Structure formats: C-alpha cells, structure tokens
$ cat work.cif   # mmCIF, C-alpha atoms; chains and numbers go by the auth columns
data_data
#
loop_
_atom_site.group_PDB
_atom_site.id
_atom_site.type_symbol
_atom_site.label_atom_id
_atom_site.label_comp_id
_atom_site.label_asym_id
_atom_site.label_seq_id
_atom_site.Cartn_x
_atom_site.Cartn_y
_atom_site.Cartn_z
_atom_site.B_iso_or_equiv
_atom_site.auth_seq_id
_atom_site.auth_asym_id
ATOM 1 C CA MET A 1 39.275 14.431 10.629 0.00 1 A
ATOM 2 C CA ALA A 2 37.758 12.696 7.626 0.00 2 A
ATOM 3 C CA GLN A 3 34.872 10.560 8.785 0.00 3 A
ATOM 4 C CA SER A 4 34.098 7.329 7.063 0.00 4 A
ATOM 5 C CA VAL A 5 30.959 7.666 4.984 0.00 5 A
ATOM 6 C CA LYS A 6 28.566 4.754 5.173 0.00 6 A
ATOM 7 C CA PRO A 7 26.719 4.132 1.897 0.00 7 A
ATOM 8 C CA ILE A 8 22.957 4.453 1.927 0.00 8 A
ATOM 9 C CA SER A 9 21.246 1.100 1.590 0.00 9 A
ATOM 10 C CA SER A 10 17.679 -0.086 1.591 0.00 10 A
ATOM 11 C CA PRO A 11 16.244 -1.588 4.784 0.00 11 A
ATOM 12 C CA VAL A 12 14.531 -4.172 2.563 0.00 12 A
ATOM 13 C CA PRO A 13 16.634 -6.567 0.435 0.00 13 A
ATOM 14 C CA ASP A 14 16.407 -5.920 -3.304 0.00 14 A
ATOM 15 C CA ALA A 15 15.246 -9.483 -3.946 0.00 15 A
ATOM 16 C CA TRP A 16 12.060 -8.840 -1.955 0.00 16 A
ATOM 17 C CA TYR A 17 10.849 -5.936 -4.128 0.00 17 A
ATOM 18 C CA PRO A 18 8.805 -7.988 -6.645 0.00 18 A
ATOM 19 C CA THR A 19 7.223 -10.118 -3.930 0.00 19 A
ATOM 20 C CA LEU A 20 6.346 -7.120 -1.795 0.00 20 A
ATOM 21 C CA ALA A 21 4.911 -5.335 -4.836 0.00 21 A
ATOM 22 C CA VAL A 22 2.638 -8.239 -5.753 0.00 22 A
ATOM 23 C CA PHE A 23 1.376 -8.880 -2.237 0.00 23 A
ATOM 24 C CA MET A 24 0.848 -5.243 -1.304 0.00 24 A
ATOM 25 C CA LEU A 25 -0.917 -4.437 -4.561 0.00 25 A
ATOM 26 C CA ALA A 26 -3.096 -7.533 -4.182 0.00 26 A
ATOM 27 C CA ILE A 27 -4.062 -6.610 -0.623 0.00 27 A
ATOM 28 C CA GLY A 28 -4.729 -3.010 -1.693 0.00 28 A
ATOM 29 C CA LEU A 29 -6.953 -4.129 -4.554 0.00 29 A
ATOM 30 C CA VAL A 30 -8.912 -6.503 -2.299 0.00 30 A
ATOM 31 C CA VAL A 31 -9.469 -3.747 0.273 0.00 31 A
ATOM 32 C CA THR A 32 -10.475 -1.346 -2.515 0.00 32 A
ATOM 33 C CA ALA A 33 -12.939 -3.909 -3.855 0.00 33 A
ATOM 34 C CA SER A 34 -14.420 -4.402 -0.394 0.00 34 A
ATOM 35 C CA PHE A 35 -14.782 -0.616 -0.098 0.00 35 A
ATOM 36 C CA PHE A 36 -16.700 -0.421 -3.376 0.00 36 A
ATOM 37 C CA ILE A 37 -18.882 -3.395 -2.432 0.00 37 A
ATOM 38 C CA TYR A 38 -19.621 -1.770 0.945 0.00 38 A
ATOM 39 C CA GLU A 39 -20.587 1.494 -0.767 0.00 39 A
ATOM 40 C CA ALA A 40 -22.811 -0.245 -3.302 0.00 40 A
ATOM 41 C CA THR A 41 -24.621 -2.588 -0.934 0.00 41 A
ATOM 42 C CA SER A 42 -25.168 -0.479 2.187 0.00 42 A
ATOM 43 C CA SER A 43 -27.993 2.020 2.456 0.00 43 A
ATOM 44 C CA GLN A 44 -27.411 5.694 3.133 0.00 44 A
ATOM 45 C CA ARG A 45 -28.514 5.357 6.790 0.00 45 A
ATOM 46 C CA ASN A 46 -26.375 2.277 7.542 0.00 46 A
ATOM 47 C CA ARG A 47 -23.054 3.698 6.354 0.00 47 A
ATOM 48 C CA SER A 48 -20.302 4.480 8.818 0.00 48 A
ATOM 49 C CA LEU A 49 -17.945 7.360 8.108 0.00 49 A
ATOM 50 C CA ALA A 50 -15.258 5.836 10.337 0.00 50 A
ATOM 51 C CA ARG A 51 -15.385 2.543 8.430 0.00 51 A
ATOM 52 C CA GLU A 52 -15.250 4.326 5.080 0.00 52 A
ATOM 53 C CA LEU A 53 -12.252 6.440 6.112 0.00 53 A
ATOM 54 C CA THR A 54 -10.437 3.473 7.652 0.00 54 A
ATOM 55 C CA THR A 55 -10.995 1.250 4.636 0.00 55 A
ATOM 56 C CA GLY A 56 -9.951 4.003 2.256 0.00 56 A
ATOM 57 C CA ALA A 57 -6.808 4.779 4.262 0.00 57 A
ATOM 58 C CA VAL A 58 -5.760 1.121 4.477 0.00 58 A
ATOM 59 C CA ALA A 59 -6.305 0.639 0.741 0.00 59 A
ATOM 60 C CA SER A 60 -4.375 3.813 -0.006 0.00 60 A
ATOM 61 C CA VAL A 61 -1.392 2.752 2.114 0.00 61 A
ATOM 62 C CA PHE A 62 -1.186 -0.707 0.566 0.00 62 A
ATOM 63 C CA LEU A 63 -1.611 0.568 -3.003 0.00 63 A
ATOM 64 C CA GLY A 64 0.932 3.310 -2.400 0.00 64 A
ATOM 65 C CA PHE A 65 3.622 1.044 -1.004 0.00 65 A
ATOM 66 C CA GLY A 66 2.789 -1.617 -3.597 0.00 66 A
ATOM 67 C CA SER A 67 3.320 0.950 -6.351 0.00 67 A
ATOM 68 C CA LEU A 68 6.585 2.048 -4.742 0.00 68 A
ATOM 69 C CA PHE A 69 7.932 -1.505 -4.648 0.00 69 A
ATOM 70 C CA LEU A 70 6.723 -2.117 -8.200 0.00 70 A
ATOM 71 C CA LEU A 71 8.702 0.899 -9.366 0.00 71 A
ATOM 72 C CA LEU A 72 11.756 -0.231 -7.390 0.00 72 A
ATOM 73 C CA ALA A 73 11.473 -3.771 -8.775 0.00 73 A
ATOM 74 C CA SER A 74 11.331 -2.462 -12.341 0.00 74 A
ATOM 75 C CA GLY A 75 14.471 -0.370 -11.871 0.00 75 A
ATOM 76 C CA VAL A 76 12.960 3.091 -11.319 0.00 76 A
ATOM 77 C CA TYR A 77 14.699 4.299 -8.186 0.00 77 A
ATOM 78 C CA VAL A 78 12.520 6.888 -6.504 0.00 78 A
#
$ encode --input "work.cif" --output "structure tokens"
Amino acid sequence: MAQSVKPISSPVPDAWYPTLAVFMLAIGLVVTASFFIYEATSSQRNRSLARELTTGAVASVFLGFGSLFLLLASGVYV
C-alpha cells in the first residue's frame, strides 16, 4: 500500500530565476516611477483613485515576485 511519492519541483526552471528577477524588478521599478510621477504632476482634482490603486497593485505584484525570484536565484529557498 506504499504510494510512490513524487518530489516537489518548481513550475519554473531554475535557470530562469535570475532572468525573471531582473525583468520583474525592472518592470516593478518602472511602474513605481510612473506612480510617483503621476502623483507629483497631477493636481488634487485630477487624480483618480482607481488609477492610483491599480498602479500601486501592479507595482507591488511585480516587485514582490521579482524579490522572490531574486531570493531564489541567490540560493535562499523560501
């Protein structure tokens, strides 16, 4: 009755970790920069809460996954 145990493996190949880290962090930083530029250049009446929340969420997702892949690429298995 012993079932064969399948080892846990990553859905993403290990060789892709550094590339994914660089691209996702770069995209996250660009979106973050556009968020700060939008906040600095738009007036109080012209701001859109939906745009601010969307931009912040997209930047957060890309920076979060970029940080995860950076940690994985450097050997910290989280």
$ resolve_selection --input "work.cif" --expression "the PyMOL selection byres ((chain A and resi 66-76) around 12)" --output "list in words"
Ser10, Val12, Pro13, Asp14, Ala15, Trp16, Tyr17, Pro18, Thr19, Leu20, Ala21, Val22, Phe23, Met24, Leu25, Ala26, Ile27, Gly28, Leu29, Ala59, Ser60, Val61, Phe62, Leu63, Gly64, Phe65, Tyr77 and Val78 of chain A
$ atom_distance --input "work.cif" --atom1 "CA of Ala57 in chain A" --atom2 "CA of Ser9 in chain A"
28.4 Å
$ atom_distance --input "work.cif" --atom1 "CA of Ser42 in chain A" --atom2 "CA of Val58 in chain A"
19.6 Å
$ atom_distance --input "work.cif" --atom1 "CA of Phe35 in chain A" --atom2 "CA of Thr55 in chain A"
6.3 Å
$ decode --input "work.cif" --residues "range 20-64 of chain A" --atoms "N, CA and C atoms" --output "compact mmCIF listing (two decimals), in the first residue's frame"
# COMPACT_ATOMS: atom_id res chain seq x y z
N LEU A 20 14.07 36.17 -14.64
CA LEU A 20 12.78 36.61 -14.13
C LEU A 20 12.93 37.68 -13.06
N ALA A 21 13.93 37.54 -12.21
CA ALA A 21 14.17 38.54 -11.16
C ALA A 21 14.48 39.90 -11.78
N VAL A 22 15.37 39.93 -12.75
CA VAL A 22 15.77 41.20 -13.35
C VAL A 22 14.59 41.85 -14.07
N PHE A 23 13.88 41.09 -14.88
CA PHE A 23 12.78 41.68 -15.64
C PHE A 23 11.63 42.11 -14.75
N MET A 24 11.28 41.30 -13.77
CA MET A 24 10.15 41.67 -12.91
C MET A 24 10.50 42.85 -12.01
N LEU A 25 11.71 42.90 -11.50
CA LEU A 25 12.11 44.05 -10.71
C LEU A 25 12.19 45.31 -11.56
N ALA A 26 12.66 45.19 -12.80
CA ALA A 26 12.72 46.35 -13.69
C ALA A 26 11.32 46.87 -14.00
N ILE A 27 10.41 45.97 -14.32
CA ILE A 27 9.04 46.39 -14.61
C ILE A 27 8.41 47.02 -13.36
N GLY A 28 8.63 46.42 -12.20
CA GLY A 28 8.09 46.98 -10.96
C GLY A 28 8.63 48.36 -10.66
N LEU A 29 9.92 48.57 -10.90
CA LEU A 29 10.51 49.88 -10.65
C LEU A 29 10.00 50.93 -11.63
N VAL A 30 9.78 50.53 -12.89
CA VAL A 30 9.24 51.47 -13.88
C VAL A 30 7.81 51.86 -13.51
N VAL A 31 7.01 50.89 -13.11
CA VAL A 31 5.63 51.19 -12.71
C VAL A 31 5.61 52.05 -11.45
N THR A 32 6.52 51.77 -10.51
CA THR A 32 6.62 52.60 -9.31
C THR A 32 7.02 54.03 -9.66
N ALA A 33 7.96 54.17 -10.57
CA ALA A 33 8.37 55.51 -11.00
C ALA A 33 7.22 56.25 -11.67
N SER A 34 6.45 55.54 -12.50
CA SER A 34 5.31 56.20 -13.14
C SER A 34 4.26 56.60 -12.11
N PHE A 35 4.11 55.80 -11.05
CA PHE A 35 3.19 56.16 -9.97
C PHE A 35 3.63 57.45 -9.29
N PHE A 36 4.92 57.54 -8.96
CA PHE A 36 5.41 58.75 -8.30
C PHE A 36 5.33 59.96 -9.22
N ILE A 37 5.61 59.79 -10.49
CA ILE A 37 5.49 60.91 -11.44
C ILE A 37 4.04 61.35 -11.55
N TYR A 38 3.11 60.39 -11.60
CA TYR A 38 1.68 60.72 -11.65
C TYR A 38 1.26 61.49 -10.41
N GLU A 39 1.73 61.08 -9.24
CA GLU A 39 1.36 61.76 -8.00
C GLU A 39 1.95 63.17 -7.95
N ALA A 40 3.14 63.34 -8.48
CA ALA A 40 3.80 64.65 -8.40
C ALA A 40 3.28 65.64 -9.43
N THR A 41 2.82 65.14 -10.57
CA THR A 41 2.46 66.06 -11.65
C THR A 41 0.96 66.30 -11.78
N SER A 42 0.13 65.48 -11.17
CA SER A 42 -1.32 65.70 -11.31
C SER A 42 -1.82 66.53 -10.13
N SER A 43 -2.83 67.35 -10.41
CA SER A 43 -3.40 68.17 -9.34
C SER A 43 -4.34 67.32 -8.48
N GLN A 44 -4.72 67.87 -7.36
CA GLN A 44 -5.57 67.14 -6.42
C GLN A 44 -6.92 66.78 -7.05
N ARG A 45 -7.46 67.65 -7.89
CA ARG A 45 -8.78 67.40 -8.50
C ARG A 45 -8.72 66.41 -9.65
N ASN A 46 -7.55 66.28 -10.31
CA ASN A 46 -7.45 65.42 -11.49
C ASN A 46 -7.03 63.99 -11.17
N ARG A 47 -6.77 63.69 -9.92
CA ARG A 47 -6.31 62.35 -9.56
C ARG A 47 -7.47 61.36 -9.58
N SER A 48 -7.13 60.13 -9.92
CA SER A 48 -8.11 59.05 -9.95
C SER A 48 -7.70 57.98 -8.95
N LEU A 49 -8.60 57.69 -8.01
CA LEU A 49 -8.30 56.68 -7.00
C LEU A 49 -8.12 55.31 -7.64
N ALA A 50 -8.93 54.99 -8.64
CA ALA A 50 -8.82 53.70 -9.31
C ALA A 50 -7.46 53.55 -9.99
N ARG A 51 -6.99 54.61 -10.64
CA ARG A 51 -5.68 54.53 -11.30
C ARG A 51 -4.57 54.38 -10.27
N GLU A 52 -4.67 55.11 -9.16
CA GLU A 52 -3.65 55.01 -8.12
C GLU A 52 -3.60 53.60 -7.54
N LEU A 53 -4.76 53.03 -7.23
CA LEU A 53 -4.80 51.69 -6.66
C LEU A 53 -4.32 50.64 -7.65
N THR A 54 -4.70 50.79 -8.91
CA THR A 54 -4.27 49.83 -9.93
C THR A 54 -2.76 49.89 -10.15
N THR A 55 -2.24 51.09 -10.26
CA THR A 55 -0.80 51.25 -10.46
C THR A 55 -0.02 50.73 -9.26
N GLY A 56 -0.50 51.03 -8.08
CA GLY A 56 0.17 50.54 -6.87
C GLY A 56 0.13 49.03 -6.76
N ALA A 57 -1.01 48.44 -7.12
CA ALA A 57 -1.14 46.97 -7.04
C ALA A 57 -0.24 46.28 -8.06
N VAL A 58 -0.19 46.81 -9.28
CA VAL A 58 0.66 46.22 -10.32
C VAL A 58 2.13 46.32 -9.92
N ALA A 59 2.54 47.48 -9.41
CA ALA A 59 3.92 47.64 -8.98
C ALA A 59 4.24 46.70 -7.82
N SER A 60 3.31 46.56 -6.91
CA SER A 60 3.52 45.67 -5.77
C SER A 60 3.68 44.22 -6.19
N VAL A 61 2.86 43.77 -7.13
CA VAL A 61 2.94 42.38 -7.61
C VAL A 61 4.28 42.13 -8.29
N PHE A 62 4.68 43.03 -9.18
CA PHE A 62 5.94 42.83 -9.90
C PHE A 62 7.14 42.91 -8.96
N LEU A 63 7.14 43.86 -8.02
CA LEU A 63 8.26 43.95 -7.09
C LEU A 63 8.28 42.75 -6.14
N GLY A 64 7.12 42.27 -5.76
CA GLY A 64 7.07 41.11 -4.88
C GLY A 64 7.60 39.85 -5.53
